[in-house]
file target-v2.cif (mmCIF, C-alpha atoms and all ligand atoms)
data_coords
#
loop_
_atom_site.group_PDB
_atom_site.id
_atom_site.type_symbol
_atom_site.label_atom_id
_atom_site.label_comp_id
_atom_site.auth_asym_id
_atom_site.auth_seq_id
_atom_site.Cartn_x
_atom_site.Cartn_y
_atom_site.Cartn_z
ATOM 1 C CA MET A 1 0.000 0.000 0.000
ATOM 2 C CA GLY A 2 1.567 3.289 -1.072
ATOM 3 C CA LYS A 3 2.332 5.965 1.435
ATOM 4 C CA VAL A 4 0.640 9.273 0.683
ATOM 5 C CA ILE A 5 2.690 12.382 1.436
ATOM 6 C CA SER A 6 1.508 15.996 1.163
ATOM 7 C CA LEU A 7 4.060 18.752 0.694
ATOM 8 C CA LEU A 8 2.491 21.704 2.414
ATOM 9 C CA ASN A 9 3.337 25.300 3.133
ATOM 10 C CA HIS A 10 0.930 28.083 2.254
ATOM 11 C CA LYS A 11 3.885 30.305 1.427
ATOM 12 C CA GLY A 12 4.927 30.211 -2.213
ATOM 13 C CA GLY A 13 8.506 29.744 -3.332
ATOM 14 C CA VAL A 14 9.666 27.551 -0.452
ATOM 15 C CA GLY A 15 10.441 24.450 -2.526
ATOM 16 C CA LYS A 16 7.191 22.447 -2.475
ATOM 17 C CA THR A 17 7.113 21.686 -6.175
ATOM 18 C CA THR A 18 10.867 21.134 -6.453
ATOM 19 C CA SER A 19 10.694 18.733 -3.532
ATOM 20 C CA ALA A 20 7.640 16.883 -4.868
ATOM 21 C CA ILE A 21 9.301 16.249 -8.227
ATOM 22 C CA ASN A 22 12.685 15.306 -6.874
ATOM 23 C CA ILE A 23 11.517 13.176 -3.971
ATOM 24 C CA GLY A 24 9.307 11.341 -6.467
ATOM 25 C CA ALA A 25 12.184 10.935 -8.921
ATOM 26 C CA GLY A 26 14.666 10.088 -6.147
ATOM 27 C CA MET A 27 12.421 7.265 -5.012
ATOM 28 C CA VAL A 28 12.488 5.932 -8.565
ATOM 29 C CA GLU A 29 16.307 6.036 -8.432
ATOM 30 C CA MET A 30 15.981 3.836 -5.375
ATOM 31 C CA GLY A 31 13.810 1.314 -7.153
ATOM 32 C CA ARG A 32 10.469 2.551 -5.855
ATOM 33 C CA ARG A 33 7.395 3.564 -7.821
ATOM 34 C CA SER A 34 6.081 7.122 -7.386
ATOM 35 C CA LEU A 35 2.934 8.945 -8.368
ATOM 36 C CA LEU A 36 3.036 12.750 -8.291
ATOM 37 C CA ILE A 37 -0.218 14.657 -7.891
ATOM 38 C CA ASP A 38 -0.185 18.249 -9.104
ATOM 39 C CA LEU A 39 -2.807 19.942 -6.927
ATOM 40 C CA ASP A 40 -1.797 23.509 -7.759
ATOM 41 C CA PRO A 41 -3.852 25.379 -10.410
ATOM 42 C CA GLN A 42 -0.608 27.046 -11.489
ATOM 43 C CA ALA A 43 0.493 23.593 -12.660
ATOM 44 C CA ASN A 44 4.181 24.239 -12.006
ATOM 45 C CA LEU A 45 4.843 20.561 -11.427
ATOM 46 C CA THR A 46 3.109 19.535 -14.656
ATOM 47 C CA ILE A 47 4.938 22.190 -16.667
ATOM 48 C CA SER A 48 8.299 21.452 -15.021
ATOM 49 C CA LEU A 49 8.084 17.848 -16.192
ATOM 50 C CA GLY A 50 7.083 18.882 -19.711
ATOM 51 C CA VAL A 51 3.790 17.019 -19.625
ATOM 52 C CA HIS A 52 1.198 18.327 -22.060
ATOM 53 C CA ARG A 53 -2.446 18.758 -21.265
ATOM 54 C CA GLN A 54 -4.046 15.400 -20.582
ATOM 55 C CA ARG A 55 -7.655 14.466 -21.277
ATOM 56 C CA VAL A 56 -8.162 13.850 -17.561
ATOM 57 C CA THR A 57 -6.416 16.229 -15.187
ATOM 58 C CA ILE A 58 -6.881 16.387 -11.444
ATOM 59 C CA TYR A 59 -9.682 18.882 -12.155
ATOM 60 C CA GLU A 60 -11.854 16.430 -14.107
ATOM 61 C CA GLY A 61 -11.187 13.879 -11.384
ATOM 62 C CA LEU A 62 -12.289 16.162 -8.568
ATOM 63 C CA ARG A 63 -15.372 17.158 -10.560
ATOM 64 C CA GLY A 64 -16.363 13.498 -10.692
ATOM 65 C CA GLU A 65 -16.153 13.366 -14.488
ATOM 66 C CA SER A 66 -13.588 10.586 -14.634
ATOM 67 C CA GLU A 67 -11.315 8.318 -12.691
ATOM 68 C CA LEU A 68 -7.706 9.446 -12.543
ATOM 69 C CA GLU A 69 -5.450 8.374 -15.402
ATOM 70 C CA PRO A 70 -1.762 8.578 -14.425
ATOM 71 C CA TYR A 71 0.623 9.687 -17.161
ATOM 72 C CA THR A 72 4.020 7.992 -17.219
ATOM 73 C CA VAL A 73 6.903 10.488 -17.303
ATOM 74 C CA ARG A 74 9.512 7.743 -17.178
ATOM 75 C CA GLU A 75 9.651 4.181 -15.886
ATOM 76 C CA GLY A 76 8.430 4.246 -12.289
ATOM 77 C CA LEU A 77 7.449 7.911 -12.282
ATOM 78 C CA ASP A 78 3.823 8.797 -13.015
ATOM 79 C CA VAL A 79 1.976 12.078 -12.694
ATOM 80 C CA ILE A 80 -1.573 13.368 -12.465
ATOM 81 C CA THR A 81 -1.495 16.751 -14.167
ATOM 82 C CA SER A 82 -3.149 20.026 -13.312
ATOM 83 C CA ASN A 83 -4.074 23.146 -15.218
ATOM 84 C CA LEU A 84 -5.628 26.525 -14.593
ATOM 85 C CA ASP A 85 -9.190 25.108 -14.649
ATOM 86 C CA LEU A 86 -8.443 23.821 -11.177
ATOM 87 C CA SER A 87 -8.609 27.382 -9.842
ATOM 88 C CA GLY A 88 -12.405 27.165 -10.151
ATOM 89 C CA ALA A 89 -12.675 23.867 -8.286
ATOM 90 C CA GLU A 90 -12.798 25.303 -4.772
ATOM 91 C CA MET A 91 -15.920 27.289 -5.631
ATOM 92 C CA GLU A 92 -17.509 24.586 -7.761
ATOM 93 C CA LEU A 93 -17.226 21.912 -5.092
ATOM 94 C CA ILE A 94 -18.377 24.034 -2.213
ATOM 95 C CA ASN A 95 -21.845 22.459 -2.067
ATOM 96 C CA GLU A 96 -20.689 18.922 -2.756
ATOM 97 C CA ALA A 97 -21.415 16.422 0.036
ATOM 98 C CA GLY A 98 -18.187 15.021 1.458
ATOM 99 C CA ARG A 99 -16.199 17.579 -0.487
ATOM 100 C CA GLU A 100 -13.070 17.101 1.656
ATOM 101 C CA TYR A 101 -12.911 13.383 0.771
ATOM 102 C CA ILE A 102 -13.019 13.529 -3.008
ATOM 103 C CA LEU A 103 -9.284 13.157 -3.591
ATOM 104 C CA ARG A 104 -9.021 10.392 -1.032
ATOM 105 C CA GLU A 105 -11.613 8.379 -2.921
ATOM 106 C CA LEU A 106 -9.903 9.046 -6.246
ATOM 107 C CA LEU A 107 -6.566 7.809 -4.909
ATOM 108 C CA GLU A 108 -7.963 4.671 -3.282
ATOM 109 C CA PRO A 109 -7.685 2.422 -6.367
ATOM 110 C CA LEU A 110 -4.188 3.765 -7.140
ATOM 111 C CA ARG A 111 -2.556 3.195 -3.761
ATOM 112 C CA GLU A 112 -1.756 -0.439 -4.484
ATOM 113 C CA GLU A 113 0.252 0.474 -7.564
ATOM 114 C CA TYR A 114 2.798 2.827 -5.990
ATOM 115 C CA ASP A 115 5.230 2.950 -3.096
ATOM 116 C CA PHE A 116 4.804 6.710 -2.717
ATOM 117 C CA ILE A 117 2.069 9.091 -3.771
ATOM 118 C CA ILE A 118 3.288 12.672 -3.411
ATOM 119 C CA ILE A 119 0.885 15.600 -3.456
ATOM 120 C CA ASP A 120 2.167 19.050 -4.429
ATOM 121 C CA CYS A 121 -0.198 21.416 -2.591
ATOM 122 C CA PRO A 122 -1.176 24.894 -3.755
ATOM 123 C CA PRO A 123 0.076 27.865 -1.703
ATOM 124 C CA SER A 124 -3.184 28.201 0.225
ATOM 125 C CA LEU A 125 -5.118 26.405 2.927
ATOM 126 C CA GLY A 126 -8.440 26.061 1.096
ATOM 127 C CA LEU A 127 -10.497 23.089 -0.046
ATOM 128 C CA LEU A 128 -7.794 21.673 -2.339
ATOM 129 C CA THR A 129 -5.331 21.546 0.530
ATOM 130 C CA LEU A 130 -7.975 20.024 2.813
ATOM 131 C CA ASN A 131 -8.461 17.302 0.200
ATOM 132 C CA ALA A 132 -4.712 16.683 0.177
ATOM 133 C CA LEU A 133 -4.567 16.422 3.959
ATOM 134 C CA THR A 134 -7.572 14.134 4.160
ATOM 135 C CA SER A 135 -5.881 11.827 1.648
ATOM 136 C CA SER A 136 -2.461 11.768 3.301
ATOM 137 C CA ASP A 137 -0.638 9.599 5.800
ATOM 138 C CA VAL A 138 1.879 12.343 6.548
ATOM 139 C CA VAL A 139 2.601 15.974 5.849
ATOM 140 C CA TYR A 140 6.086 17.227 5.040
ATOM 141 C CA ILE A 141 6.677 20.952 5.382
ATOM 142 C CA PRO A 142 9.373 22.510 3.192
ATOM 143 C CA LEU A 143 10.867 25.631 4.772
ATOM 144 C CA GLN A 144 13.201 28.015 3.017
ATOM 145 C CA THR A 145 16.133 28.722 5.318
ATOM 146 C CA GLU A 146 15.577 32.462 5.183
ATOM 147 C CA PHE A 147 14.232 35.150 7.502
ATOM 148 C CA LEU A 148 10.530 34.571 8.351
ATOM 149 C CA ALA A 149 10.761 30.841 7.559
ATOM 150 C CA LEU A 150 8.654 30.031 10.598
ATOM 151 C CA GLN A 151 6.154 32.802 10.119
ATOM 152 C CA GLY A 152 2.650 31.471 9.570
ATOM 153 C CA LEU A 153 3.484 27.992 10.789
ATOM 154 C CA ALA A 154 1.032 28.220 13.691
ATOM 155 C CA LYS A 155 -1.721 28.428 11.081
ATOM 156 C CA ILE A 156 -0.484 25.322 9.256
ATOM 157 C CA LYS A 157 -0.348 23.397 12.516
ATOM 158 C CA GLN A 158 -3.865 24.538 13.357
ATOM 159 C CA VAL A 159 -5.222 23.306 10.025
ATOM 160 C CA ILE A 160 -3.435 19.949 10.375
ATOM 161 C CA ASP A 161 -4.818 19.551 13.914
ATOM 162 C CA LYS A 162 -8.339 20.299 12.725
ATOM 163 C CA VAL A 163 -8.075 17.843 9.859
ATOM 164 C CA ARG A 164 -6.765 15.187 12.235
ATOM 165 C CA PHE A 165 -9.653 15.801 14.623
ATOM 166 C CA ARG A 166 -12.442 15.938 12.065
ATOM 167 C CA LEU A 167 -11.391 14.187 8.883
ATOM 168 C CA ASN A 168 -8.273 12.027 9.113
ATOM 169 C CA LYS A 169 -7.291 10.594 12.493
ATOM 170 C CA GLY A 170 -3.894 9.304 11.393
ATOM 171 C CA LEU A 171 -2.552 12.565 9.970
ATOM 172 C CA HIS A 172 0.603 14.113 11.413
ATOM 173 C CA ILE A 173 3.619 16.187 10.481
ATOM 174 C CA GLY A 174 6.121 13.525 9.439
ATOM 175 C CA GLY A 175 8.976 15.787 8.478
ATOM 176 C CA VAL A 176 10.307 19.259 7.877
ATOM 177 C CA ILE A 177 12.551 19.854 4.869
ATOM 178 C CA ALA A 178 15.002 22.761 5.058
ATOM 179 C CA THR A 179 15.494 24.066 1.518
ATOM 180 C CA MET A 180 17.763 26.447 -0.405
ATOM 181 C CA TYR A 181 20.390 26.179 2.288
ATOM 182 C CA ASP A 182 23.708 27.979 1.880
ATOM 183 C CA ALA A 183 26.200 27.034 4.596
ATOM 184 C CA ARG A 184 28.221 30.198 3.915
ATOM 185 C CA LYS A 185 25.364 32.376 5.100
ATOM 186 C CA VAL A 186 25.164 32.905 8.848
ATOM 187 C CA LEU A 187 21.476 33.672 8.465
ATOM 188 C CA ASN A 188 20.812 30.280 6.831
ATOM 189 C CA ARG A 189 22.645 28.461 9.596
ATOM 190 C CA ASP A 190 20.769 30.424 12.262
ATOM 191 C CA VAL A 191 17.416 29.697 10.646
ATOM 192 C CA VAL A 192 18.170 25.961 10.504
ATOM 193 C CA GLU A 193 18.992 26.087 14.201
ATOM 194 C CA THR A 194 15.702 27.848 14.921
ATOM 195 C CA ILE A 195 13.786 25.325 12.804
ATOM 196 C CA ARG A 196 15.443 22.475 14.732
ATOM 197 C CA LYS A 197 14.525 24.080 18.051
ATOM 198 C CA TYR A 198 10.929 24.357 16.973
ATOM 199 C CA PHE A 199 10.458 20.981 15.268
ATOM 200 C CA GLY A 200 13.143 18.842 16.944
ATOM 201 C CA ASP A 201 13.934 15.603 15.154
ATOM 202 C CA LYS A 202 11.068 16.061 12.725
ATOM 203 C CA VAL A 203 13.562 18.096 10.708
ATOM 204 C CA PHE A 204 15.303 15.870 8.191
ATOM 205 C CA LYS A 205 19.061 15.691 8.704
ATOM 206 C CA THR A 206 19.537 16.256 4.993
ATOM 207 C CA LEU A 207 19.566 19.951 4.179
ATOM 208 C CA ILE A 208 18.612 20.738 0.596
ATOM 209 C CA ARG A 209 21.333 23.090 -0.524
ATOM 210 C CA ASP A 210 20.840 26.093 -2.713
ATOM 211 C CA ASN A 211 21.788 24.611 -6.062
ATOM 212 C CA VAL A 212 21.376 26.207 -9.458
ATOM 213 C CA ALA A 213 20.821 22.845 -11.187
ATOM 214 C CA LEU A 214 17.593 22.472 -9.185
ATOM 215 C CA ALA A 215 16.367 25.777 -10.581
ATOM 216 C CA GLU A 216 17.532 24.952 -14.124
ATOM 217 C CA ALA A 217 16.075 21.441 -14.387
ATOM 218 C CA PRO A 218 12.435 22.610 -14.850
ATOM 219 C CA ALA A 219 13.469 24.792 -17.791
ATOM 220 C CA HIS A 220 14.705 21.577 -19.424
ATOM 221 C CA ARG A 221 11.504 19.806 -18.360
ATOM 222 C CA LYS A 222 13.463 17.326 -16.289
ATOM 223 C CA ASP A 223 13.819 16.136 -12.731
ATOM 224 C CA ILE A 224 17.240 16.644 -11.189
ATOM 225 C CA PHE A 225 18.377 13.051 -11.771
ATOM 226 C CA SER A 226 17.648 13.220 -15.497
ATOM 227 C CA TYR A 227 19.068 16.740 -15.775
ATOM 228 C CA ASN A 228 22.279 16.500 -13.738
ATOM 229 C CA ALA A 229 22.752 13.371 -11.681
ATOM 230 C CA SER A 230 26.068 14.573 -10.258
ATOM 231 C CA SER A 231 24.737 17.909 -8.943
ATOM 232 C CA ASN A 232 24.426 18.775 -5.258
ATOM 233 C CA GLY A 233 20.679 18.867 -5.808
ATOM 234 C CA ALA A 234 20.614 15.226 -6.934
ATOM 235 C CA GLU A 235 22.866 14.231 -4.039
ATOM 236 C CA ASP A 236 20.660 16.022 -1.498
ATOM 237 C CA TYR A 237 17.332 14.728 -2.742
ATOM 238 C CA LEU A 238 18.684 11.186 -2.890
ATOM 239 C CA ALA A 239 19.908 11.496 0.711
ATOM 240 C CA LEU A 240 16.505 12.856 1.682
ATOM 241 C CA CYS A 241 14.768 9.893 0.013
ATOM 242 C CA LYS A 242 16.966 7.513 2.004
ATOM 243 C CA GLU A 243 15.913 9.246 5.213
ATOM 244 C CA ILE A 244 12.257 9.100 4.186
ATOM 245 C CA ILE A 245 12.520 5.380 3.491
ATOM 246 C CA GLU A 246 14.227 4.821 6.853
ATOM 247 C CA ARG A 247 11.515 6.735 8.685
ATOM 248 C CA THR A 248 8.777 5.000 6.749
ATOM 249 C CA GLU A 249 10.125 1.534 7.379
ATOM 250 C CA THR A 250 10.990 2.004 11.056
ATOM 251 C CA VAL A 251 8.681 4.357 12.952
ATOM 252 C CA GLU A 252 5.960 4.590 10.305
ATOM 253 C CA ALA A 253 6.316 8.367 10.515
HETATM 254 N N1 LIG B 301 17.398 24.039 -3.448
HETATM 255 C C1 LIG B 301 17.171 24.960 -4.395
HETATM 256 N N2 LIG B 301 18.201 25.656 -4.933
HETATM 257 C C2 LIG B 301 17.982 26.608 -5.878
HETATM 258 N N3 LIG B 301 16.761 26.934 -6.347
HETATM 259 C C3 LIG B 301 15.691 26.274 -5.854
HETATM 260 C C4 LIG B 301 15.837 25.245 -4.871
HETATM 261 N N4 LIG B 301 14.608 24.771 -4.573
HETATM 262 C C5 LIG B 301 13.736 25.456 -5.331
HETATM 263 N N5 LIG B 301 14.372 26.369 -6.114
HETATM 264 C C6 LIG B 301 13.764 27.336 -7.036
HETATM 265 O O1 LIG B 301 13.015 28.249 -6.244
HETATM 266 C C7 LIG B 301 11.781 28.584 -6.871
HETATM 267 C C8 LIG B 301 10.617 28.197 -5.955
HETATM 268 O O2 LIG B 301 10.612 26.782 -5.759
HETATM 269 P P1 LIG B 301 9.268 25.922 -5.884
HETATM 270 O O3 LIG B 301 9.661 24.510 -5.686
HETATM 271 O O4 LIG B 301 8.550 26.259 -7.132
HETATM 272 O O5 LIG B 301 8.477 26.449 -4.618
HETATM 273 P P2 LIG B 301 6.908 26.336 -4.251
HETATM 274 O O6 LIG B 301 6.349 25.153 -4.969
HETATM 275 O O7 LIG B 301 6.882 26.209 -2.771
HETATM 276 O O8 LIG B 301 6.272 27.632 -4.702
HETATM 277 C C9 LIG B 301 11.780 27.846 -8.186
HETATM 278 O O9 LIG B 301 12.234 28.717 -9.186
HETATM 279 C C10 LIG B 301 12.755 26.708 -7.976
HETATM 280 O O10 LIG B 301 13.376 26.295 -9.173
HETATM 281 MG MG MG B 302 4.693 25.055 -6.253
#

call {"tool": "encode", "arguments": {"input": "target-v2.cif", "output": "structure tokens", "more": "lines below"}}
Ligand SMILES: Nc1ncnc2c1ncn2[C@@H]1O[C@H](COP(=O)(O)OP(=O)(O)O)[C@@H](O)[C@H]1O
Ligand SMILES: [Mg+2]
result
Amino acid sequence: MGKVISLLNHKGGVGKTTSAINIGAGMVEMGRRSLLIDLDPQANLTISLGVHRQRVTIYEGLRGESELEPYTVREGLDVITSNLDLSGAEMELINEAGREYILRELLEPLREEYDFIIIDCPPSLGLLTLNALTSSDVVYIPLQTEFLALQGLAKIKQVIDKVRFRLNKGLHIGGVIATMYDARKVLNRDVVETIRKYFGDKVFKTLIRDNVALAEAPAHRKDIFSYNASSNGAEDYLALCKEIIERTETVEA
């Protein structure tokens, strides 16, 4: 049964999409099967992998028009695409009974087929994000190691607590990913220390370094392993995947 992971932070630009793609691809490097779900109407994940508009996107799925049809990017790595239509979904589904459970139901038949299902959340805490959280076993929070990294986190915790209480009893924060880290910057080191004080050992030991190859890969419509397997970015995301597998197989976090 695949583990469902949501990458959540309602701030934009913290590394959600980059992490979703490269954790998914890193798992494939380690012989696992991954399904990426693009749940952001801006479709950055879809575009970054160079996947063209599919007949069934996550939008048609959520609208109940079709079952999900994963598109294979490369062996072991599948994706459910998004597009701008999804921006209307929050309003359109507002009167739907059980509207927070739609994604969970859609993913049910797919869970058997993958080791990891990774949901790239939009930068908001609305109905799409609630659907992600209701579907997930764990939440990972990417934090950019810059000033104000922790700002707004109380709100994220509140939403996760509410979802756990009302919709998904098993949900918890399984990890915090420090991104765009530059060891030469005192500020970055200080922020990592603050993040570790706040989240303790939830913070993954692997720090995702600031690495230009990670920013370039989407322009070439590739994940980091296909774009530059010897980059720091590839090294970091592979190390992160190893940690995720360890956590998953030991403490079920
Ligand atoms: N570790 C990194 N090093 C350098 N650039 C990065 C790194 N992680 C992400 N980026 C770049 O930062 C920008 C924001 O990242 P993204 O993953 O799109 O964030 P989010 O999905 O949270 O909005 C993108 O242009 C991305 O390529
Ligand atoms: Mg994004």

call {"tool": "resolve_selection", "arguments": {"input": "target-v2.cif", "expression": "the PyMOL selection byres (((not hetatm)) within 7 of (chain B and resi 301))", "output": "PyMOL selection string"}}
result
chain A and resi 9+11-19+44+123+179-181+208-212+214-216+218+233

call {"tool": "closest_residue", "arguments": {"input": "target-v2.cif", "among": "A:Ser6, A:Gln42, A:Asn188, A:Thr248", "to": "A:Gly88", "atoms": "all atoms listed in the file"}}
result
A:Gln42

call {"tool": "closest_residue", "arguments": {"input": "target-v2.cif", "among": "A:Ser82, A:Gly64, A:Arg32, A:Tyr101", "to": "ligand MG 302 (chain B)", "atoms": "only C-alpha atoms and all ligand atoms"}}
result
A:Ser82

call {"tool": "closest_residue", "arguments": {"input": "target-v2.cif", "among": "A:Leu103, A:Ile37, A:Met27, A:Leu150", "to": "A:Gly76", "atoms": "only C-alpha atoms"}}
result
A:Met27

call {"tool": "atom_distance", "arguments": {"input": "target-v2.cif", "atom1": "atom CA of A:Cys121", "atom2": "atom CA of A:Asp201"}}
result
23.4 Å

call {"tool": "residues_near_point", "arguments": {"input": "target-v2.cif", "point": "(-4.9, 4.0, -9.9)", "cutoff": "12 Å", "atoms": "only C-alpha atoms", "output": "PDB file with C-alpha atoms, in the coordinates of the input"}}
result
ATOM      1  CA  MET A   1       0.000   0.000   0.000  1.00  0.00           C
ATOM      2  CA  GLY A   2       1.567   3.289  -1.072  1.00  0.00           C
ATOM      3  CA  SER A  34       6.081   7.122  -7.386  1.00  0.00           C
ATOM      4  CA  LEU A  35       2.934   8.945  -8.368  1.00  0.00           C
ATOM      5  CA  LEU A  36       3.036  12.750  -8.291  1.00  0.00           C
ATOM      6  CA  ILE A  37      -0.218  14.657  -7.891  1.00  0.00           C
ATOM      7  CA  GLY A  61     -11.187  13.879 -11.384  1.00  0.00           C
ATOM      8  CA  SER A  66     -13.588  10.586 -14.634  1.00  0.00           C
ATOM      9  CA  GLU A  67     -11.315   8.318 -12.691  1.00  0.00           C
ATOM     10  CA  LEU A  68      -7.706   9.446 -12.543  1.00  0.00           C
ATOM     11  CA  GLU A  69      -5.450   8.374 -15.402  1.00  0.00           C
ATOM     12  CA  PRO A  70      -1.762   8.578 -14.425  1.00  0.00           C
ATOM     13  CA  TYR A  71       0.623   9.687 -17.161  1.00  0.00           C
ATOM     14  CA  ASP A  78       3.823   8.797 -13.015  1.00  0.00           C
ATOM     15  CA  VAL A  79       1.976  12.078 -12.694  1.00  0.00           C
ATOM     16  CA  ILE A  80      -1.573  13.368 -12.465  1.00  0.00           C
ATOM     17  CA  LEU A 103      -9.284  13.157  -3.591  1.00  0.00           C
ATOM     18  CA  ARG A 104      -9.021  10.392  -1.032  1.00  0.00           C
ATOM     19  CA  GLU A 105     -11.613   8.379  -2.921  1.00  0.00           C
ATOM     20  CA  LEU A 106      -9.903   9.046  -6.246  1.00  0.00           C
ATOM     21  CA  LEU A 107      -6.566   7.809  -4.909  1.00  0.00           C
ATOM     22  CA  GLU A 108      -7.963   4.671  -3.282  1.00  0.00           C
ATOM     23  CA  PRO A 109      -7.685   2.422  -6.367  1.00  0.00           C
ATOM     24  CA  LEU A 110      -4.188   3.765  -7.140  1.00  0.00           C
ATOM     25  CA  ARG A 111      -2.556   3.195  -3.761  1.00  0.00           C
ATOM     26  CA  GLU A 112      -1.756  -0.439  -4.484  1.00  0.00           C
ATOM     27  CA  GLU A 113       0.252   0.474  -7.564  1.00  0.00           C
ATOM     28  CA  TYR A 114       2.798   2.827  -5.990  1.00  0.00           C
ATOM     29  CA  ILE A 117       2.069   9.091  -3.771  1.00  0.00           C
TER      30      ILE A 117
END

call {"tool": "closest_residue", "arguments": {"input": "target-v2.cif", "among": "A:Val138, A:Ala154, A:Leu39, A:Leu238", "to": "A:Gly26", "atoms": "only C-alpha atoms"}}
result
A:Leu238

call {"tool": "closest_residue", "arguments": {"input": "target-v2.cif", "among": "A:Leu86, A:Val139, A:Val192, A:Leu128", "to": "A:Ile244", "atoms": "all atoms listed in the file"}}
result
A:Val139

call {"tool": "atom_distance", "arguments": {"input": "target-v2.cif", "atom1": "atom CA of A:Asp38", "atom2": "atom CA of A:Ile195"}}
result
26.9 Å

call {"tool": "closest_residue", "arguments": {"input": "target-v2.cif", "among": "A:Gln151, A:Thr134, A:Thr194, A:Thr57", "to": "A:Asn168", "atoms": "all atoms listed in the file"}}
result
A:Thr134
